[in-house]
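J.: Structure below; questions to follow.
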Amino acid sequence: MGSFHLTKMALRNLVSKPATRLYPLEPPVYTSMTKGHVVNDIDTCILCSICERKCPATALTVDKPNRTWTINPFSCVQCSTCVRICPTKSLRMEPDYTASAVSMQSLTMTKPSEEPSEEPQS
Amino acid sequence: MAKRTIIPFGPQHPVLPEPVHLDLVIEDERVIEAIPQVGFIHRGLEKLVEKRDYQTFVNVTERICGICSFGHSLGYSQTIEILMDVEIPPRAEVLRVIWHELSRVHSHLLWLGLLADAFGFENLFMQCWRLRERVLDIFERTTGGRVILSACNVGGVNQDIANEDLRGIVHVLDGMRDEYGELLKTFLYDRSVKSRLSGVGYLSTQQARELCIVGPFARASALSEDIRCFGYGGYGYLSNFEPVTAEEGDGYARCKVRALEVVQSIDIIKELVDVIPDGELSVKVKGSPKAGSRAVSRLEQPRGECFYYAKGNGTRYLERFRIRTPTAQSIAGMVHTLQGCDLADVPLNILTIDPCISCTER
Ligand code: SF4
Ligand code: SF4
């Protein structure tokens, strides 16, 4: 029994560093593991659509005829499933979050076509 | 006889972390009856098994609740592994338990903070949440997520924690243990805490057994029930496991049980880090659950025993998946403790059962 058991800790807190960061005035600190956003190295992507089929949030669309890979970053839940299952390891999870956007736009990447005659579309 | 009035309580109320509605039948300042109503955040997640295949569904189960997130993915994976007769590597089993116990530490620290806030001890509240932050940092370093970990899948785990990182985690937890000791002293021996919690919301052992109460709520009424005792998964590696119980059956006992379970979880992690076997992290699960196959499994979530049921139909989509959460049981006990209590004790009575309505309604 008694009171004021926390006094010592409270006094210590007066001189110790804050436990949290004053974001956005101070930059955030990411660990190497932090799941920030998905990036596709489109040159190695073979447009096999496995990531599209496995994405639990249906955030990915692969259009093989038009050679595009599209991600809707607002649907993506950063589960890393696509990164794990991509057969060519084209996808990776970057640790930083993307900047805030003013509209809910998806991001389309077009794979350069092998034959120069074919026009890439997006 | 005094006139009876009905006070609607919730679903939006400052003491409620999650929406539940109660009709409190009041006579003077005393609650005669409490009529609960749930269903405000039903999201139909169980129905989603028809739309997501059994391997992807683990990402949905994680989102059932923000606090027991890892536990639900573990419970689901465990059930599917029983359903499909898959044996997972021992290292994965132990890693799962380590993350699960870390979740328990963060869940209990969150609750202890909320409790301190409910009886107006702001400083204690902040200190609890400050310590909890370190557990979230461990999560971020080991899995990349702070709340939703996406670390567990059917067949094992997605990430490894290197042995030196595991020792680093033990080091962080040991550092926490000293600071937590001061908080523990406050929760257990501070006069103001004790006088606010003692005798509030009493539930006898007999009543707890009759109402099938689970988890810390039951253990605070001297009911020694803990699924971890069965040594499922990685818990089999523990030399000895004794559930924390208390005799009093009131709010103070519930606070005591949860506060001591934080220390117990830290001990469990420490013990497991010493015995963790090396090896594979996951096995590849191929095929689909057989038509008509069923499996059940149980898991000790921070709030108590959670029950999982899955039924296959021969396709990659499950026929049925069902969860019975600990709060579904605790609500009966909560209604019981509310009967006859003072109106001023209602918030504390609701809080001491640690309700998790999101899990309950899914
Ligand atoms: S799984 Fe990989 S290779 Fe296949 S479409 Fe997706 S990013 Fe491209
Ligand atoms: S991280 Fe998950 S949600 Fe996001 S695109 Fe990949 S699979 Fe889909």
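Residues are referred to by chain and number: the chain letter is A, B, ... according to the order shown in the structure tokens, the number counts from 1 in that chain, and ligands are numbered separately from 1 in the order shown.
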Could you write out as a list in words the residues of chain B within 6 Å of chain A, counting only C-alpha atoms?
T.: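 Matching residues, ligands excluded from the count: Thr56, Arg141, Gly144, Ser150, Thr186, Tyr189, Asp190 and Arg191 of chain B.
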J.: Find the residues near Cys45 of chain A: any atom within 10 Å, counting only C-alpha atoms, skip ones fewer than 5 places away on the same chain, and give them as a list in words.
T.: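 Neighbouring residues, sequence-local ones excluded: Asn40, Arg67, Thr68, Trp69, Cys86, Pro87, Thr88, Lys89, Ser90, Leu91 and Lys111 of chain A.
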J.: For Pro289 of chain B, list every protein, DNA or RNA residue within 7 Å, evaluated using only C-alpha atoms, and leave out those in the same chain fewer than 5 positions away; present the list as an mmCIF file with N, CA and C atoms, in the first residue's frame.
T.:
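Below you can see out_29.cif, which holds the result:
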data_model
loop_
_atom_site.group_PDB
_atom_site.id
_atom_site.type_symbol
_atom_site.label_atom_id
_atom_site.label_comp_id
_atom_site.auth_asym_id
_atom_site.auth_seq_id
_atom_site.Cartn_x
_atom_site.Cartn_y
_atom_site.Cartn_z
ATOM 1 N N LEU B 83 -6.845 -28.834 -40.780
ATOM 2 C CA LEU B 83 -7.794 -29.248 -41.819
ATOM 3 C C LEU B 83 -7.080 -29.996 -42.941
ATOM 4 N N MET B 84 -5.891 -29.520 -43.299
ATOM 5 C CA MET B 84 -5.198 -30.122 -44.441
ATOM 6 C C MET B 84 -4.081 -31.047 -44.019
ATOM 7 N N GLY B 312 -14.039 -27.447 -45.294
ATOM 8 C CA GLY B 312 -13.622 -27.383 -46.688
ATOM 9 C C GLY B 312 -14.691 -27.943 -47.603
ATOM 10 N N ASN B 313 -14.586 -27.608 -48.904
ATOM 11 C CA ASN B 313 -15.549 -28.176 -49.847
ATOM 12 C C ASN B 313 -14.868 -28.674 -51.115
ATOM 13 N N GLY B 314 -13.573 -28.941 -51.014
ATOM 14 C CA GLY B 314 -12.881 -29.486 -52.174
ATOM 15 C C GLY B 314 -12.333 -28.442 -53.121
ATOM 16 N N THR B 315 -12.681 -27.180 -52.914
ATOM 17 C CA THR B 315 -12.131 -26.120 -53.767
ATOM 18 C C THR B 315 -11.128 -25.315 -52.952
#
J.: Residues near segment 219-222 of chain B, anyone? I mean within 10 Å using only C-alpha atoms, not counting same-chain ones fewer than 5 positions away, as number ranges by chain.
T.: B: 202-209, 213-214, 243-258, 304
J.: Once DSSP has gone over the backbone, tell me which residues of segment 48-248 of chain B are in strand (DSSP E or B), as a PyMOL selection string.
T.: chain B and resi 152-153+156-157
J.: Output C-alpha atoms for every residue in the selection just made, as an mmCIF file, in the first residue's frame.
T.:
data_model
loop_
_atom_site.group_PDB
_atom_site.id
_atom_site.type_symbol
_atom_site.label_atom_id
_atom_site.label_comp_id
_atom_site.auth_asym_id
_atom_site.auth_seq_id
_atom_site.Cartn_x
_atom_site.Cartn_y
_atom_site.Cartn_z
ATOM 1 C CA CYS B 152 1.920 -15.697 -40.372
ATOM 2 C CA ASN B 153 0.705 -17.780 -43.281
ATOM 3 C CA GLY B 156 4.544 -21.374 -41.370
ATOM 4 C CA VAL B 157 5.750 -17.810 -41.064
#
J.: Applying 7 Å and only C-alpha atoms, which residues near segment 96-109 of chain B remain after dropping the ones on its own chain fewer than 6 positions away? List them as a ChimeraX atom specification.
T.: /B:67-68,70-71,128-129,132,135,234,258,262,265,269,302
J.: Keeping only C-alpha atoms, write those residues as a JSON list (two decimals), in the first residue's frame.
T.:
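Saved to part.json:
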[["chain", "number", "residue", "atom", "x", "y", "z"],
["B", 67, "ILE", "CA", -5.14, -5.66, -31.17],
["B", 68, "CYS", "CA", -5.46, -9.44, -31.52],
["B", 70, "PHE", "CA", -1.55, -11.61, -35.03],
["B", 71, "GLY", "CA", -3.53, -14.02, -32.87],
["B", 128, "CYS", "CA", 1.83, 2.27, -20.06],
["B", 129, "TRP", "CA", 1.46, 3.44, -23.62],
["B", 132, "ARG", "CA", 3.83, -0.36, -25.35],
["B", 135, "VAL", "CA", 6.77, -3.57, -28.40],
["B", 234, "GLY", "CA", 5.40, -23.53, -29.60],
["B", 258, "ARG", "CA", -3.41, -8.77, -16.65],
["B", 262, "VAL", "CA", 2.74, -9.01, -18.97],
["B", 265, "SER", "CA", 4.71, -13.22, -21.32],
["B", 269, "ILE", "CA", 9.59, -15.11, -24.73],
["B", 302, "PRO", "CA", -5.02, -11.77, -24.84]]
J.: Could you pull the residues within 12 Å of Gly44 of chain B, counting only C-alpha atoms, minus those fewer than 4 positions along the same chain, as a PyMOL selection string?
T.: chain B and resi 39-40+48-51+60-61+63-64+321-322+358-362
J.: Those same residues, written as a compact mmCIF listing (two decimals), in the first residue's frame with N, CA and C atoms?
T.:
# COMPACT_ATOMS: atom_id res chain seq x y z
N GLY B 39 -23.64 -5.33 -32.79
CA GLY B 39 -23.95 -5.40 -34.22
C GLY B 39 -23.68 -4.10 -34.95
N PHE B 40 -22.97 -3.18 -34.32
CA PHE B 40 -22.73 -1.89 -34.97
C PHE B 40 -21.57 -1.93 -35.95
N LEU B 48 -16.53 -13.60 -46.31
CA LEU B 48 -15.51 -13.38 -47.34
C LEU B 48 -14.75 -14.64 -47.73
N VAL B 49 -14.88 -15.73 -46.94
CA VAL B 49 -14.17 -16.96 -47.33
C VAL B 49 -14.64 -17.43 -48.70
N GLU B 50 -15.81 -16.98 -49.11
CA GLU B 50 -16.30 -17.40 -50.43
C GLU B 50 -15.60 -16.64 -51.56
N LYS B 51 -14.96 -15.53 -51.21
CA LYS B 51 -14.35 -14.68 -52.23
C LYS B 51 -12.82 -14.74 -52.24
N VAL B 60 -7.19 -11.48 -44.43
CA VAL B 60 -8.48 -10.95 -43.97
C VAL B 60 -8.63 -11.20 -42.47
N THR B 61 -8.24 -12.40 -42.01
CA THR B 61 -8.41 -12.69 -40.58
C THR B 61 -7.57 -11.73 -39.73
N ARG B 63 -7.24 -8.74 -40.14
CA ARG B 63 -7.90 -7.44 -40.02
C ARG B 63 -9.20 -7.51 -39.24
N ILE B 64 -9.45 -8.65 -38.60
CA ILE B 64 -10.64 -8.77 -37.77
C ILE B 64 -10.55 -7.78 -36.62
N PHE B 321 -16.15 -20.65 -42.36
CA PHE B 321 -15.13 -20.37 -41.35
C PHE B 321 -15.81 -19.61 -40.23
N ARG B 322 -15.53 -20.03 -39.02
CA ARG B 322 -16.26 -19.42 -37.91
C ARG B 322 -15.29 -19.16 -36.77
N SER B 358 -14.95 -5.51 -32.02
CA SER B 358 -14.62 -5.77 -33.43
C SER B 358 -14.48 -7.25 -33.71
N CYS B 359 -13.79 -7.96 -32.81
CA CYS B 359 -13.62 -9.40 -32.98
C CYS B 359 -14.97 -10.08 -32.90
N THR B 360 -15.76 -9.64 -31.92
CA THR B 360 -17.00 -10.33 -31.65
C THR B 360 -17.97 -10.24 -32.82
N GLU B 361 -17.96 -9.10 -33.50
CA GLU B 361 -18.94 -8.93 -34.58
C GLU B 361 -18.35 -9.27 -35.95
N ARG B 362 -17.06 -9.19 -36.05
CA ARG B 362 -16.36 -9.50 -37.31
C ARG B 362 -16.96 -8.84 -38.53
J.: For Ile26 of chain B, please output as an MDAnalysis selection string all residues within 6 Å (counting only C-alpha atoms; exclusion window: fewer than 6 positions along the same chain).
T.: chainID B and resid 4:6 32
J.: For ligand 1, which of A:Ile46, A:Leu14, A:Arg21, A:His37 is the closest residue, counting only C-alpha atoms and all ligand atoms?
T.: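 The answer is A:Ile46, which sits nearest to ligand 1.
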J.: Mind listing the alpha helix (DSSP H) residues of segment 11-118 of chain B, per DSSP on the backbone, as a PyMOL selection string?
T.: chain B and resi 57-62+69-83+90-118
J.: Kindly export the residues of the current selection with N, CA and C atoms, as a compact mmCIF listing (two decimals), in the first residue's frame.
T.:
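Output below, filename out-v3.txt:
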# COMPACT_ATOMS: atom_id res chain seq x y z
N PHE B 57 -6.90 -15.73 -47.43
CA PHE B 57 -7.83 -15.32 -46.37
C PHE B 57 -7.12 -14.97 -45.07
N VAL B 58 -5.89 -15.43 -44.91
CA VAL B 58 -5.17 -15.12 -43.68
C VAL B 58 -5.00 -13.60 -43.54
N ASN B 59 -4.89 -12.89 -44.68
CA ASN B 59 -4.79 -11.43 -44.62
C ASN B 59 -6.09 -10.78 -44.17
N VAL B 60 -7.19 -11.48 -44.43
CA VAL B 60 -8.48 -10.95 -43.97
C VAL B 60 -8.63 -11.20 -42.47
N THR B 61 -8.24 -12.40 -42.01
CA THR B 61 -8.41 -12.69 -40.58
C THR B 61 -7.57 -11.73 -39.73
N GLU B 62 -6.43 -11.32 -40.28
CA GLU B 62 -5.60 -10.37 -39.53
C GLU B 62 -6.32 -9.07 -39.25
N SER B 69 -4.66 -8.90 -33.76
CA SER B 69 -4.42 -9.17 -35.17
C SER B 69 -3.57 -10.41 -35.41
N PHE B 70 -2.41 -10.47 -34.77
CA PHE B 70 -1.55 -11.61 -35.03
C PHE B 70 -2.21 -12.91 -34.55
N GLY B 71 -2.87 -12.84 -33.41
CA GLY B 71 -3.53 -14.02 -32.87
C GLY B 71 -4.53 -14.62 -33.85
N HIS B 72 -5.30 -13.76 -34.51
CA HIS B 72 -6.30 -14.30 -35.43
C HIS B 72 -5.65 -14.95 -36.64
N SER B 73 -4.57 -14.35 -37.14
CA SER B 73 -3.91 -14.99 -38.29
C SER B 73 -3.31 -16.32 -37.85
N LEU B 74 -2.81 -16.36 -36.62
CA LEU B 74 -2.26 -17.61 -36.09
C LEU B 74 -3.36 -18.65 -35.94
N GLY B 75 -4.48 -18.24 -35.36
CA GLY B 75 -5.59 -19.18 -35.15
C GLY B 75 -6.10 -19.73 -36.47
N TYR B 76 -6.23 -18.85 -37.45
CA TYR B 76 -6.72 -19.29 -38.75
C TYR B 76 -5.73 -20.27 -39.39
N SER B 77 -4.44 -19.90 -39.40
CA SER B 77 -3.45 -20.76 -40.04
C SER B 77 -3.42 -22.13 -39.36
N GLN B 78 -3.47 -22.10 -38.04
CA GLN B 78 -3.45 -23.33 -37.26
C GLN B 78 -4.63 -24.23 -37.64
N THR B 79 -5.81 -23.63 -37.80
CA THR B 79 -7.00 -24.41 -38.14
C THR B 79 -6.86 -25.03 -39.53
N ILE B 80 -6.38 -24.23 -40.49
CA ILE B 80 -6.24 -24.76 -41.86
C ILE B 80 -5.18 -25.86 -41.89
N GLU B 81 -4.14 -25.69 -41.07
CA GLU B 81 -3.11 -26.74 -41.04
C GLU B 81 -3.68 -28.04 -40.50
N ILE B 82 -4.57 -27.96 -39.51
CA ILE B 82 -5.22 -29.18 -39.02
C ILE B 82 -6.13 -29.74 -40.11
N LEU B 83 -6.85 -28.83 -40.78
CA LEU B 83 -7.79 -29.25 -41.82
C LEU B 83 -7.08 -30.00 -42.94
N PRO B 90 9.35 -26.64 -36.71
CA PRO B 90 9.36 -26.23 -35.29
C PRO B 90 9.78 -24.77 -35.09
N ARG B 91 10.70 -24.29 -35.92
CA ARG B 91 11.12 -22.89 -35.72
C ARG B 91 9.95 -21.94 -35.95
N ALA B 92 9.13 -22.26 -36.97
CA ALA B 92 7.97 -21.42 -37.26
C ALA B 92 7.01 -21.42 -36.07
N GLU B 93 6.84 -22.59 -35.46
CA GLU B 93 5.93 -22.69 -34.31
C GLU B 93 6.37 -21.77 -33.18
N VAL B 94 7.68 -21.79 -32.92
CA VAL B 94 8.19 -20.98 -31.81
C VAL B 94 8.12 -19.49 -32.16
N LEU B 95 8.47 -19.15 -33.41
CA LEU B 95 8.41 -17.74 -33.80
C LEU B 95 6.98 -17.21 -33.67
N ARG B 96 6.02 -18.05 -34.07
CA ARG B 96 4.62 -17.63 -33.93
C ARG B 96 4.29 -17.31 -32.48
N VAL B 97 4.75 -18.18 -31.58
CA VAL B 97 4.43 -17.94 -30.17
C VAL B 97 5.11 -16.67 -29.67
N ILE B 98 6.34 -16.42 -30.15
CA ILE B 98 7.03 -15.21 -29.70
C ILE B 98 6.23 -13.97 -30.12
N TRP B 99 5.79 -13.95 -31.38
CA TRP B 99 5.00 -12.79 -31.83
C TRP B 99 3.67 -12.72 -31.08
N HIS B 100 3.11 -13.88 -30.82
CA HIS B 100 1.82 -13.89 -30.14
C HIS B 100 1.96 -13.37 -28.71
N GLU B 101 3.03 -13.75 -28.04
CA GLU B 101 3.22 -13.27 -26.67
C GLU B 101 3.55 -11.78 -26.67
N LEU B 102 4.29 -11.33 -27.69
CA LEU B 102 4.53 -9.88 -27.79
C LEU B 102 3.21 -9.15 -27.97
N SER B 103 2.30 -9.76 -28.75
CA SER B 103 0.98 -9.14 -28.93
C SER B 103 0.25 -9.07 -27.61
N ARG B 104 0.43 -10.11 -26.80
CA ARG B 104 -0.25 -10.09 -25.50
C ARG B 104 0.30 -8.95 -24.64
N VAL B 105 1.64 -8.78 -24.67
CA VAL B 105 2.23 -7.69 -23.89
C VAL B 105 1.65 -6.36 -24.35
N HIS B 106 1.56 -6.17 -25.68
CA HIS B 106 1.10 -4.86 -26.14
C HIS B 106 -0.40 -4.70 -25.87
N SER B 107 -1.15 -5.79 -25.98
CA SER B 107 -2.58 -5.69 -25.70
C SER B 107 -2.84 -5.37 -24.23
N HIS B 108 -2.12 -6.05 -23.34
CA HIS B 108 -2.34 -5.81 -21.91
C HIS B 108 -1.87 -4.42 -21.50
N LEU B 109 -0.74 -3.96 -22.10
CA LEU B 109 -0.28 -2.61 -21.76
C LEU B 109 -1.29 -1.58 -22.24
N LEU B 110 -1.87 -1.83 -23.40
CA LEU B 110 -2.90 -0.93 -23.91
C LEU B 110 -4.09 -0.89 -22.95
N TRP B 111 -4.49 -2.08 -22.51
CA TRP B 111 -5.65 -2.13 -21.61
C TRP B 111 -5.34 -1.48 -20.28
N LEU B 112 -4.13 -1.75 -19.74
CA LEU B 112 -3.78 -1.16 -18.45
C LEU B 112 -3.80 0.37 -18.57
N GLY B 113 -3.33 0.86 -19.71
CA GLY B 113 -3.36 2.30 -19.93
C GLY B 113 -4.78 2.83 -19.96
N LEU B 114 -5.65 2.11 -20.67
CA LEU B 114 -7.05 2.54 -20.73
C LEU B 114 -7.69 2.53 -19.36
N LEU B 115 -7.33 1.51 -18.58
CA LEU B 115 -7.90 1.42 -17.23
C LEU B 115 -7.44 2.61 -16.39
N ALA B 116 -6.13 2.91 -16.47
CA ALA B 116 -5.61 4.05 -15.72
C ALA B 116 -6.32 5.32 -16.15
N ASP B 117 -6.57 5.43 -17.44
CA ASP B 117 -7.26 6.60 -17.95
C ASP B 117 -8.69 6.65 -17.40
N ALA B 118 -9.33 5.47 -17.31
CA ALA B 118 -10.71 5.43 -16.85
C ALA B 118 -10.84 5.87 -15.40
J.: Quick one: distance from atom CA of Ser282 of chain B to atom CA of Cys51 of chain A in Å, one decimal?
T.: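 Distance reported for this atom pair: 19.9 Å.
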J.: For a test of reading the model, state the distance in Å between atom CA of Gly231 of chain B and atom CA of Glu300 of chain B, rounded to one decimal.
T.: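 It comes out at 10.8 Å.
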